[in-house]
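J.: Quick one, final_14.cif (mmCIF, C-alpha atoms):
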```cif
data_run
loop_
_atom_site.label_atom_id
_atom_site.label_comp_id
_atom_site.auth_asym_id
_atom_site.auth_seq_id
_atom_site.Cartn_x
_atom_site.Cartn_y
_atom_site.Cartn_z
CA MET A 1 -47.27 113.10 64.27
CA ASN A 2 -48.61 109.63 65.04
CA LYS A 3 -46.33 109.39 68.08
CA LEU A 4 -47.64 112.75 69.29
CA LYS A 5 -51.27 111.63 68.90
CA THR A 6 -50.55 108.39 70.75
CA SER A 7 -48.81 110.32 73.52
CA LEU A 8 -51.77 112.69 73.84
CA LYS A 9 -54.22 109.78 74.00
CA TYR A 10 -52.28 108.10 76.80
CA SER A 11 -51.88 111.40 78.65
CA THR A 12 -55.62 112.05 78.42
CA LEU A 13 -56.41 108.53 79.61
CA LEU A 14 -54.00 108.95 82.52
CA LEU A 15 -55.56 112.27 83.51
CA ILE A 16 -59.08 110.80 83.40
CA THR A 17 -57.99 107.80 85.47
CA ALA A 18 -56.32 110.02 88.07
CA PHE A 19 -58.73 112.96 88.26
CA GLY A 20 -61.99 111.98 86.51
CA ARG A 21 -63.87 111.95 89.84
CA PHE A 22 -63.86 115.74 89.96
CA PRO A 23 -65.72 116.56 86.70
CA VAL A 24 -67.99 113.52 87.15
CA SER A 25 -69.06 114.64 90.63
CA TRP A 26 -69.53 118.25 89.48
CA LEU A 27 -71.74 117.21 86.57
CA LEU A 28 -73.90 114.87 88.69
CA SER A 29 -74.42 117.18 91.67
CA LYS A 30 -76.39 120.36 92.38
CA LYS A 31 -73.47 122.20 94.03
CA ARG A 32 -69.80 121.84 94.92
CA GLY A 33 -70.38 121.76 98.69
CA LYS A 34 -68.04 121.93 101.67
CA SER A 35 -65.13 119.57 102.18
CA LEU A 36 -65.79 116.48 104.33
CA LYS A 37 -62.88 115.04 106.29
CA TRP A 38 -63.12 112.33 108.93
CA LYS A 39 -61.25 113.47 112.02
CA SER A 40 -58.70 111.03 113.45
CA PRO A 41 -59.98 109.66 116.77
CA ASP A 42 -58.42 110.25 120.17
CA GLU A 43 -59.40 106.69 121.10
CA HIS A 44 -59.65 103.51 119.06
CA CYS A 45 -59.12 99.77 119.46
CA TRP A 46 -59.45 96.39 117.76
CA VAL A 47 -61.62 93.63 119.19
CA LYS A 48 -60.94 90.00 118.22
CA CYS A 49 -63.94 87.70 118.70
CA ALA A 50 -64.09 83.94 119.28
CA SER A 51 -65.34 83.57 115.68
CA GLY A 52 -62.00 84.86 114.43
CA ASN A 53 -63.59 88.07 113.17
CA GLU A 54 -61.87 91.37 113.92
CA PHE A 55 -63.68 94.63 114.67
CA TYR A 56 -62.08 98.07 114.54
CA VAL A 57 -63.76 100.56 116.87
CA GLU A 58 -63.43 104.35 117.18
CA PHE A 59 -64.80 106.55 119.95
CA ASP A 60 -65.89 110.17 120.26
CA GLY A 61 -67.82 112.24 122.78
CA PRO A 62 -67.93 112.37 126.60
CA VAL A 63 -66.83 109.10 128.22
CA LYS A 64 -69.68 108.98 130.75
CA ALA A 65 -72.47 110.05 128.37
CA GLN A 66 -75.21 107.77 126.97
CA PRO A 67 -73.50 105.22 124.65
CA PHE A 68 -74.55 105.52 121.00
CA VAL A 69 -73.27 102.69 118.79
CA LEU A 70 -73.27 103.07 114.98
CA VAL A 71 -72.94 100.14 112.57
CA HIS A 72 -72.41 100.87 108.86
CA GLY A 73 -73.70 99.19 105.71
CA LEU A 74 -72.16 96.79 103.18
CA ASN A 75 -69.10 98.10 101.32
CA ALA A 76 -69.02 101.15 103.60
CA ASN A 77 -67.33 101.86 106.94
CA ARG A 78 -67.43 104.11 110.00
CA LYS A 79 -66.77 107.22 107.90
CA GLN A 80 -70.31 107.15 106.50
CA TRP A 81 -71.39 108.64 109.87
CA TYR A 82 -69.61 111.98 109.26
CA TYR A 83 -72.69 114.17 109.84
CA GLN A 84 -74.01 112.10 112.76
CA ARG A 85 -70.65 112.37 114.48
CA LYS A 86 -70.60 116.12 114.01
CA TYR A 87 -74.17 116.48 115.33
CA PHE A 88 -74.12 114.10 118.32
CA ASN A 89 -70.55 114.06 119.64
CA LYS A 90 -71.10 116.73 122.28
CA ALA A 91 -73.92 114.93 124.09
CA TYR A 92 -73.33 111.20 123.49
CA ARG A 93 -70.53 108.66 123.75
CA LEU A 94 -70.26 107.67 120.10
CA VAL A 95 -68.95 104.21 119.25
CA PHE A 96 -68.23 103.58 115.55
CA ILE A 97 -67.82 99.91 114.63
CA ASP A 98 -66.22 98.71 111.40
CA LEU A 99 -67.63 95.30 110.49
CA PRO A 100 -65.15 92.54 109.46
CA GLY A 101 -63.31 93.19 106.21
CA HIS A 102 -64.47 96.81 106.16
CA GLY A 103 -62.50 99.96 106.95
CA GLY A 104 -60.04 99.26 109.76
CA SER A 105 -61.31 95.71 110.39
CA ALA A 106 -58.99 93.64 108.24
CA VAL A 107 -59.84 90.11 109.36
CA ALA A 108 -63.13 88.48 108.28
CA LYS A 109 -63.39 84.76 109.11
CA ASP A 110 -67.16 84.18 109.35
CA LEU A 111 -69.65 86.63 107.86
CA SER A 112 -72.87 84.74 108.50
CA MET A 113 -75.57 86.98 109.94
CA GLN A 114 -75.84 84.82 113.07
CA THR A 115 -72.11 85.08 113.77
CA LEU A 116 -72.06 88.83 113.22
CA ALA A 117 -74.95 89.23 115.67
CA THR A 118 -73.13 87.13 118.27
CA ASP A 119 -69.94 89.10 117.63
CA LEU A 120 -71.79 92.39 118.11
CA GLN A 121 -72.79 91.19 121.58
CA SER A 122 -69.18 90.19 122.27
CA VAL A 123 -67.86 93.59 121.18
CA LEU A 124 -70.30 95.39 123.48
CA GLU A 125 -69.30 93.13 126.37
CA PHE A 126 -65.57 93.58 125.71
CA LEU A 127 -65.97 97.37 125.63
CA LYS A 128 -68.18 97.25 128.76
CA ILE A 129 -70.95 99.16 126.98
CA ASP A 130 -74.27 98.85 128.78
CA GLN A 131 -77.71 99.74 127.38
CA PRO A 132 -76.54 101.66 124.31
CA ILE A 133 -78.67 103.11 121.56
CA ILE A 134 -77.64 101.11 118.48
CA TYR A 135 -78.05 102.53 114.98
CA GLY A 136 -77.61 100.20 112.01
CA HIS A 137 -77.71 101.19 108.36
CA SER A 138 -78.40 98.84 105.42
CA TRP A 139 -76.43 95.61 106.06
CA GLY A 140 -75.67 96.96 109.54
CA SER A 141 -79.40 97.40 110.15
CA SER A 142 -80.01 93.77 109.18
CA VAL A 143 -77.20 92.61 111.47
CA LEU A 144 -78.88 94.62 114.22
CA LEU A 145 -82.22 92.97 113.46
CA GLN A 146 -80.55 89.56 113.69
CA TYR A 147 -79.02 90.64 117.00
CA CYS A 148 -82.43 91.63 118.38
CA LEU A 149 -83.98 88.31 117.35
CA GLN A 150 -81.21 85.75 117.85
CA PRO A 151 -82.16 83.22 120.56
CA GLY A 152 -80.00 83.18 123.67
CA LEU A 153 -78.22 86.50 123.16
CA GLY A 154 -80.34 88.82 125.26
CA ILE A 155 -80.60 92.35 123.92
CA ASN A 156 -78.13 94.79 125.44
CA ALA A 157 -79.71 97.98 124.08
CA LYS A 158 -81.83 100.86 125.30
CA ALA A 159 -83.25 101.32 121.79
CA VAL A 160 -82.40 100.48 118.19
CA VAL A 161 -82.51 102.44 114.95
CA LEU A 162 -83.14 100.43 111.78
CA HIS A 163 -82.29 102.40 108.65
CA GLY A 164 -82.52 101.10 105.09
CA GLY A 165 -81.96 97.45 105.98
CA SER A 166 -83.84 94.34 104.95
CA TYR A 167 -85.46 91.68 107.14
CA THR A 168 -85.00 89.07 104.41
CA ASN A 169 -82.91 88.36 101.31
CA PRO A 170 -81.99 91.89 100.11
CA LEU A 171 -82.75 90.90 96.52
CA LYS A 172 -86.41 90.77 97.58
CA THR A 173 -86.45 94.36 98.86
CA VAL A 174 -84.33 96.06 96.21
CA GLN A 175 -85.69 97.94 93.19
CA PHE A 176 -86.42 95.55 90.28
CA SER A 177 -86.54 92.72 92.82
CA THR A 178 -88.48 90.34 90.55
CA VAL A 179 -85.76 90.40 87.90
CA LEU A 180 -82.87 90.27 90.36
CA LYS A 181 -84.39 87.42 92.38
CA ALA A 182 -84.79 85.40 89.16
CA LEU A 183 -81.11 86.03 88.37
CA GLU A 184 -79.89 85.15 91.87
CA LYS A 185 -78.89 81.50 91.39
CA PRO A 186 -78.02 81.39 87.67
CA VAL A 187 -76.14 84.71 87.48
CA ILE A 188 -75.61 86.73 90.68
CA VAL A 189 -74.23 84.04 93.02
CA PRO A 190 -71.80 82.59 90.40
CA LEU A 191 -70.66 86.13 89.58
CA LEU A 192 -70.06 86.93 93.27
CA LYS A 193 -68.02 83.73 93.64
CA LEU A 194 -65.94 84.68 90.60
CA VAL A 195 -65.30 88.19 91.94
CA LYS A 196 -64.38 86.72 95.33
CA LYS A 197 -61.75 84.47 93.70
CA ALA A 198 -60.29 87.45 91.85
CA ALA A 199 -60.55 89.73 94.90
CA PRO A 200 -56.99 91.19 94.74
CA VAL A 201 -57.65 92.42 91.20
CA PHE A 202 -60.94 94.02 92.22
CA ASP A 203 -59.28 95.63 95.25
CA ILE A 204 -56.99 97.48 92.83
CA LEU A 205 -59.85 98.25 90.44
CA GLY A 206 -61.82 99.72 93.34
CA ARG A 207 -59.21 102.43 93.80
CA THR A 208 -58.94 103.27 90.10
CA ASN A 209 -62.75 103.31 89.86
CA PHE A 210 -62.78 105.95 92.60
CA THR A 211 -60.07 108.17 91.14
CA SER A 212 -61.52 107.96 87.61
CA GLY A 213 -65.04 108.86 88.75
CA THR A 214 -66.63 105.52 87.84
CA SER A 215 -67.63 104.83 91.44
CA SER A 216 -68.98 108.39 91.80
CA PHE A 217 -71.20 107.77 88.78
CA PHE A 218 -72.66 104.59 90.26
CA ALA A 219 -72.92 106.11 93.75
CA ARG A 220 -75.01 108.96 92.36
CA PHE A 221 -77.66 106.63 90.93
CA LEU A 222 -77.54 103.95 93.63
CA PHE A 223 -77.38 106.11 96.76
CA PHE A 224 -78.61 109.64 96.01
CA THR A 225 -81.43 111.61 94.40
CA GLY A 226 -79.25 114.26 92.74
CA LYS A 227 -79.54 116.85 95.51
CA GLN A 228 -76.21 115.89 97.06
CA SER A 229 -73.14 118.10 96.70
CA ALA A 230 -70.11 117.06 94.66
CA MET A 231 -68.13 116.75 97.89
CA GLN A 232 -70.76 114.45 99.40
CA LEU A 233 -70.81 112.29 96.27
CA ARG A 234 -67.03 111.86 96.24
CA TYR A 235 -67.03 111.23 99.99
CA ALA A 236 -69.59 108.42 99.66
CA ALA A 237 -67.74 106.94 96.67
CA ARG A 238 -64.49 106.98 98.64
CA LEU A 239 -65.86 104.56 101.26
CA ALA A 240 -65.74 101.45 99.04
CA PRO A 241 -61.98 101.27 98.26
CA ASP A 242 -61.24 100.94 101.99
CA ASN A 243 -63.04 97.58 102.11
CA LYS A 244 -61.90 94.09 101.11
CA THR A 245 -63.63 92.70 98.00
CA LYS A 246 -63.41 89.17 99.39
CA ALA A 247 -65.30 90.22 102.53
CA VAL A 248 -67.90 92.29 100.65
CA THR A 249 -68.81 89.47 98.24
CA GLU A 250 -68.94 86.82 100.98
CA ALA A 251 -71.02 89.12 103.21
CA LEU A 252 -73.54 89.68 100.42
CA MET A 253 -73.87 85.94 99.78
CA GLN A 254 -74.47 85.36 103.49
CA PHE A 255 -76.89 88.30 103.59
CA MET A 256 -78.99 86.65 100.87
CA LYS A 257 -79.72 83.75 103.27
CA LEU A 258 -81.48 86.05 105.75
CA ASP A 259 -85.17 85.62 106.57
CA LEU A 260 -86.51 87.16 109.78
CA THR A 261 -90.01 87.82 108.44
CA ALA A 262 -91.90 85.65 110.92
CA GLN A 263 -89.95 86.92 113.92
CA LEU A 264 -90.31 90.68 113.50
CA LYS A 265 -93.43 90.85 115.67
CA THR A 266 -91.50 89.56 118.67
CA ILE A 267 -89.27 92.66 118.92
CA GLN A 268 -90.35 94.63 121.99
CA ILE A 269 -87.56 97.17 122.33
CA PRO A 270 -88.11 100.87 121.41
CA THR A 271 -87.32 101.09 117.70
CA LEU A 272 -86.97 103.87 115.16
CA VAL A 273 -87.40 102.78 111.54
CA ILE A 274 -85.95 105.14 108.93
CA ALA A 275 -86.93 104.70 105.28
CA GLY A 276 -86.23 106.64 102.08
CA VAL A 277 -88.88 107.39 99.48
CA TYR A 278 -86.27 107.11 96.71
CA ASP A 279 -84.16 104.33 98.20
CA ARG A 280 -83.29 101.97 95.33
CA LEU A 281 -81.37 99.41 97.40
CA ASN A 282 -84.02 98.97 100.07
CA VAL A 283 -87.38 100.18 98.83
CA LEU A 284 -89.82 102.17 100.96
CA LYS A 285 -92.31 99.32 101.43
CA CYS A 286 -89.62 97.32 103.26
CA GLY A 287 -89.30 100.00 105.94
CA LEU A 288 -93.08 100.34 106.16
CA PHE A 289 -93.43 96.58 106.66
CA ILE A 290 -90.83 96.51 109.45
CA HIS A 291 -92.60 99.41 111.17
CA GLN A 292 -95.97 97.66 110.93
CA GLN A 293 -94.56 94.47 112.43
CA ILE A 294 -92.75 96.02 115.41
CA ALA A 295 -95.28 97.29 117.95
CA GLU A 296 -92.80 99.53 119.79
CA SER A 297 -91.57 101.27 116.64
CA LYS A 298 -91.74 104.79 115.27
CA LEU A 299 -91.35 105.62 111.59
CA VAL A 300 -89.47 108.41 109.83
CA VAL A 301 -89.76 108.65 106.04
CA LEU A 302 -87.30 110.92 104.24
CA LYS A 303 -87.48 112.13 100.64
CA ALA A 304 -84.04 110.72 100.00
CA GLY A 305 -82.11 107.74 98.68
CA HIS A 306 -80.08 105.05 100.41
CA GLN A 307 -77.44 107.42 101.81
CA SER A 308 -79.90 109.80 103.46
CA MET A 309 -77.59 110.15 106.47
CA ILE A 310 -75.39 112.16 104.09
CA GLU A 311 -77.83 113.71 101.60
CA LYS A 312 -80.54 114.63 104.14
CA HIS A 313 -78.41 114.69 107.27
CA GLY A 314 -80.14 117.74 108.77
CA LYS A 315 -83.65 116.25 108.79
CA LEU A 316 -82.39 112.80 109.73
CA ASN A 317 -80.36 114.05 112.69
CA LYS A 318 -83.26 116.10 114.05
CA ALA A 319 -85.62 113.12 113.81
CA LEU A 320 -83.03 110.89 115.43
CA GLY A 321 -82.44 113.40 118.21
CA SER A 322 -86.17 113.67 118.91
CA PHE A 323 -86.48 109.88 119.11
CA ILE A 324 -83.58 109.59 121.56
CA LYS A 325 -84.97 112.35 123.79
CA SER A 326 -88.33 110.57 123.91
CA LEU A 327 -86.82 107.42 125.44
#
```
Go through the file and emit its structure as structure tokens.
T.:
Amino acid sequence: MNKLKTSLKYSTLLLITAFGRFPVSWLLSKKRGKSLKWKSPDEHCWVKCASGNEFYVEFDGPVKAQPFVLVHGLNANRKQWYYQRKYFNKAYRLVFIDLPGHGGSAVAKDLSMQTLATDLQSVLEFLKIDQPIIYGHSWGSSVLLQYCLQPGLGINAKAVVLHGGSYTNPLKTVQFSTVLKALEKPVIVPLLKLVKKAAPVFDILGRTNFTSGTSSFFARFLFFTGKQSAMQLRYAARLAPDNKTKAVTEALMQFMKLDLTAQLKTIQIPTLVIAGVYDRLNVLKCGLFIHQQIAESKLVVLKAGHQSMIEKHGKLNKALGSFIKSL
């Protein structure tokens, strides 16, 4: 009898580890939703920069159409743009860039914000992309800000879209920032260094966290408001295991050195700022401040969380389309 009970316990644990994401996502979402699957690209390439960083790039849409470059956030990858790809790929030449250590970009040598901005310029030059619209989300938005402000680069962009990204240390613009900023040096940085050293272990844990539903649980409360579908929740949670823990931790530590506060007013390129009322990782007042500082900016506020490009994709895409047509 005891052997049977032990066997049942292990079988239950195995089932939860392998399939827990399904009941977790159903319980935390309003509806099941339609399946989301990233279509394999007809064209893709890797770009190696002088910094040693590698960038994986996918393309979609008409070759001669207006270039539209999309740069994802931290611990995400090109697949976060599922709904934007579906909406814009008939009219624009979409260019999806995986930042170093994320998605298809395996090699990450230097993740300082300045280097990433310089590398972004190099990638655009290598691909012979001229005057694109560049859309950055979260970390990608901050890299884009750095690109716009870095001396000597020269901005190769028709317009930029800044969505859910900080202009300074992200611990200052996150929910509960006072507490987290106080914990930065004594707790957060040492913890990130420890995780970085044990990166191979956390790479494996990342996959089991996804299959068990642990990452879906955290994604629900970090990225969404509860109006997402179960499919959308699992899709967002699935992004993280495709990234290298070593790169994610190092990128966050470099991100925390950012401070572009005094320079924001110098941006003179057409800019769309997108902010979420319920964004916990980059609070609303951060987006409002960026909008106030950039004279040539327009503001869109969505009743959504950090992953509004998934949860509120319809409203976001319409606002984005209107901005592009106004250029």
J.: Please tell me which residues are no farther than 12 Å from (-70.1, 118.2, 109.7) in the file, counting only C-alpha atoms, and write them as a PyMOL selection string.
T.: chain A and resi 33-39+79-89+232+309-310+313-314+317
J.: For Asn53 (chain A), list every protein, DNA or RNA residue within 10 Å, evaluated using all atoms listed in the file, and leave out those in the same chain fewer than 6 positions away; present the list as a ChimeraX atom specification.
T.: /A:47,99-101,105-111,115-116,119
J.: Could you tell me which of A:Tyr56, A:Trp26, A:Phe96, A:Trp46 comes closest to Phe68 (chain A) if we count all atoms listed in the file?
T.: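 Of A:Tyr56, A:Trp26, A:Phe96, A:Trp46, the one nearest Phe68 (chain A) is A:Phe96, counting all atoms listed in the file.
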J.: Of the residues A:Val63, A:Leu27, A:Cys286, A:Ile133, which is the one nearest to Phe217 (chain A), using all atoms listed in the file?
T.: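 The shortest atom-to-atom distance to Phe217 (chain A) comes from A:Leu27.
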J.: For the file shown, report as an MDAnalysis selection string the outcome of the PyMOL selection byres ((chain A and resi 302) around 12) at residue level.
T.: chainID A and resid 163:164 225 273:279 284 287 299:301 303:320
J.: Evaluate the PyMOL selection byres ((chain A and resi 117) around 7) and record the selected residues as a list in words, following the chain and residue labels used in the document.
T.: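 Applying the expression gives Met113, Gln114, Thr115, Leu116, Thr118, Asp119, Leu120, Gln121, Val143, Leu144, Gln146 and Tyr147 of chain A.
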J.: I need the residues from that last selection saved to file as an mmCIF file, in the frame of the given file (with C-alpha atoms), if you can.
T.:
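As written to disk, result_2.cif reads:
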```
data_model
loop_
_atom_site.group_PDB
_atom_site.id
_atom_site.type_symbol
_atom_site.label_atom_id
_atom_site.label_comp_id
_atom_site.auth_asym_id
_atom_site.auth_seq_id
_atom_site.Cartn_x
_atom_site.Cartn_y
_atom_site.Cartn_z
ATOM 1 C CA MET A 113 -75.570 86.980 109.940
ATOM 2 C CA GLN A 114 -75.840 84.820 113.070
ATOM 3 C CA THR A 115 -72.110 85.080 113.770
ATOM 4 C CA LEU A 116 -72.060 88.830 113.220
ATOM 5 C CA THR A 118 -73.130 87.130 118.270
ATOM 6 C CA ASP A 119 -69.940 89.100 117.630
ATOM 7 C CA LEU A 120 -71.790 92.390 118.110
ATOM 8 C CA GLN A 121 -72.790 91.190 121.580
ATOM 9 C CA VAL A 143 -77.200 92.610 111.470
ATOM 10 C CA LEU A 144 -78.880 94.620 114.220
ATOM 11 C CA GLN A 146 -80.550 89.560 113.690
ATOM 12 C CA TYR A 147 -79.020 90.640 117.000
#
```
J.: Taking (-85.6, 100.5, 111.9) in the file's own coordinates, collect the residues within 12 Å, counting only C-alpha atoms, and hand them back as an MDAnalysis selection string.
T.: chainID A and resid 134:145 148 159:167 264 267 269:276 284 286:301 320 323
J.: Could you check which of A:Met253, A:Leu192, A:Leu239, A:Leu233 is closest to Lys30 (chain A), using all atoms listed in the file?
T.: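 Closest residue, counting all atoms listed in the file: A:Leu233.
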J.: Please enumerate the residues selected by the PyMOL selection byres ((chain A and resi 206) around 10) when evaluated against the supplied file, formatted as a short mmCIF file (atom, residue, chain, number, x, y, z; two decimals) with C-alpha atoms, in the frame of the given file.
T.:
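Saved to result_38.cif:
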```cif
data_model
loop_
_atom_site.label_atom_id
_atom_site.label_comp_id
_atom_site.auth_asym_id
_atom_site.auth_seq_id
_atom_site.Cartn_x
_atom_site.Cartn_y
_atom_site.Cartn_z
CA PRO A 200 -56.99 91.19 94.74
CA VAL A 201 -57.65 92.42 91.20
CA PHE A 202 -60.94 94.02 92.22
CA ASP A 203 -59.28 95.63 95.25
CA ILE A 204 -56.99 97.48 92.83
CA LEU A 205 -59.85 98.25 90.44
CA ARG A 207 -59.21 102.43 93.80
CA THR A 208 -58.94 103.27 90.10
CA ASN A 209 -62.75 103.31 89.86
CA PHE A 210 -62.78 105.95 92.60
CA THR A 211 -60.07 108.17 91.14
CA THR A 214 -66.63 105.52 87.84
CA SER A 215 -67.63 104.83 91.44
CA ALA A 237 -67.74 106.94 96.67
CA ARG A 238 -64.49 106.98 98.64
CA ALA A 240 -65.74 101.45 99.04
CA PRO A 241 -61.98 101.27 98.26
CA ASP A 242 -61.24 100.94 101.99
CA ASN A 243 -63.04 97.58 102.11
CA LYS A 244 -61.90 94.09 101.11
CA THR A 245 -63.63 92.70 98.00
#
```
J.: Find, counting all atoms listed in the file, the residue in A:Ala50, A:Gly20, A:Asn169, A:His72 that gets nearest to Leu260 (chain A).
T.: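 Closest to Leu260 (chain A), using all atoms listed in the file: A:Asn169.
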J.: From the options A:Gly104, A:Leu258, A:Ser216, A:Arg78, which residue's atoms come nearest to Ser229 (chain A), counting all atoms listed in the file?
T.: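 Checking each candidate against Ser229 (chain A), we get A:Ser216 as the closest.
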J.: With N, CA and C atoms as the goal, would you fill in the gaps in region 17-31 of chain A and present it as a PDB file, in the frame of the given file?
T.:
```pdb
ATOM      1  N   THR A  17     -58.110 108.835  84.435  1.00  0.00           N
ATOM      2  CA  THR A  17     -57.990 107.800  85.470  1.00  0.00           C
ATOM      3  C   THR A  17     -57.643 108.405  86.820  1.00  0.00           C
ATOM      4  N   ALA A  18     -56.790 109.422  86.812  1.00  0.00           N
ATOM      5  CA  ALA A  18     -56.320 110.020  88.070  1.00  0.00           C
ATOM      6  C   ALA A  18     -57.266 111.060  88.641  1.00  0.00           C
ATOM      7  N   PHE A  19     -57.959 111.811  87.774  1.00  0.00           N
ATOM      8  CA  PHE A  19     -58.730 112.960  88.260  1.00  0.00           C
ATOM      9  C   PHE A  19     -60.173 113.022  87.755  1.00  0.00           C
ATOM     10  N   GLY A  20     -60.640 111.968  87.091  1.00  0.00           N
ATOM     11  CA  GLY A  20     -61.990 111.980  86.510  1.00  0.00           C
ATOM     12  C   GLY A  20     -63.095 112.177  87.529  1.00  0.00           C
ATOM     13  N   ARG A  21     -62.832 111.822  88.798  1.00  0.00           N
ATOM     14  CA  ARG A  21     -63.870 111.950  89.840  1.00  0.00           C
ATOM     15  C   ARG A  21     -64.339 113.381  90.021  1.00  0.00           C
ATOM     16  N   PHE A  22     -63.478 114.347  89.746  1.00  0.00           N
ATOM     17  CA  PHE A  22     -63.860 115.740  89.960  1.00  0.00           C
ATOM     18  C   PHE A  22     -64.915 116.210  88.954  1.00  0.00           C
ATOM     19  N   PRO A  23     -64.673 116.139  87.638  1.00  0.00           N
ATOM     20  CA  PRO A  23     -65.720 116.560  86.700  1.00  0.00           C
ATOM     21  C   PRO A  23     -66.980 115.702  86.777  1.00  0.00           C
ATOM     22  N   VAL A  24     -66.821 114.395  87.040  1.00  0.00           N
ATOM     23  CA  VAL A  24     -67.990 113.520  87.150  1.00  0.00           C
ATOM     24  C   VAL A  24     -68.877 113.969  88.303  1.00  0.00           C
ATOM     25  N   SER A  25     -68.282 114.221  89.458  1.00  0.00           N
ATOM     26  CA  SER A  25     -69.060 114.640  90.630  1.00  0.00           C
ATOM     27  C   SER A  25     -69.675 116.020  90.436  1.00  0.00           C
ATOM     28  N   TRP A  26     -68.973 116.913  89.746  1.00  0.00           N
ATOM     29  CA  TRP A  26     -69.530 118.250  89.480  1.00  0.00           C
ATOM     30  C   TRP A  26     -70.746 118.158  88.568  1.00  0.00           C
ATOM     31  N   LEU A  27     -70.647 117.332  87.535  1.00  0.00           N
ATOM     32  CA  LEU A  27     -71.740 117.210  86.570  1.00  0.00           C
ATOM     33  C   LEU A  27     -72.980 116.538  87.158  1.00  0.00           C
ATOM     34  N   LEU A  28     -72.783 115.658  88.141  1.00  0.00           N
ATOM     35  CA  LEU A  28     -73.900 114.870  88.690  1.00  0.00           C
ATOM     36  C   LEU A  28     -74.460 115.441  89.985  1.00  0.00           C
ATOM     37  N   SER A  29     -73.984 116.609  90.396  1.00  0.00           N
ATOM     38  CA  SER A  29     -74.420 117.180  91.670  1.00  0.00           C
ATOM     39  C   SER A  29     -74.957 118.596  91.491  1.00  0.00           C
ATOM     40  N   LYS A  30     -75.771 119.029  92.456  1.00  0.00           N
ATOM     41  CA  LYS A  30     -76.390 120.360  92.380  1.00  0.00           C
ATOM     42  C   LYS A  30     -75.397 121.462  92.716  1.00  0.00           C
ATOM     43  N   LYS A  31     -74.419 121.173  93.581  1.00  0.00           N
ATOM     44  CA  LYS A  31     -73.470 122.200  94.030  1.00  0.00           C
ATOM     45  C   LYS A  31     -72.142 121.549  94.384  1.00  0.00           C
TER      46      LYS A  31
END
```
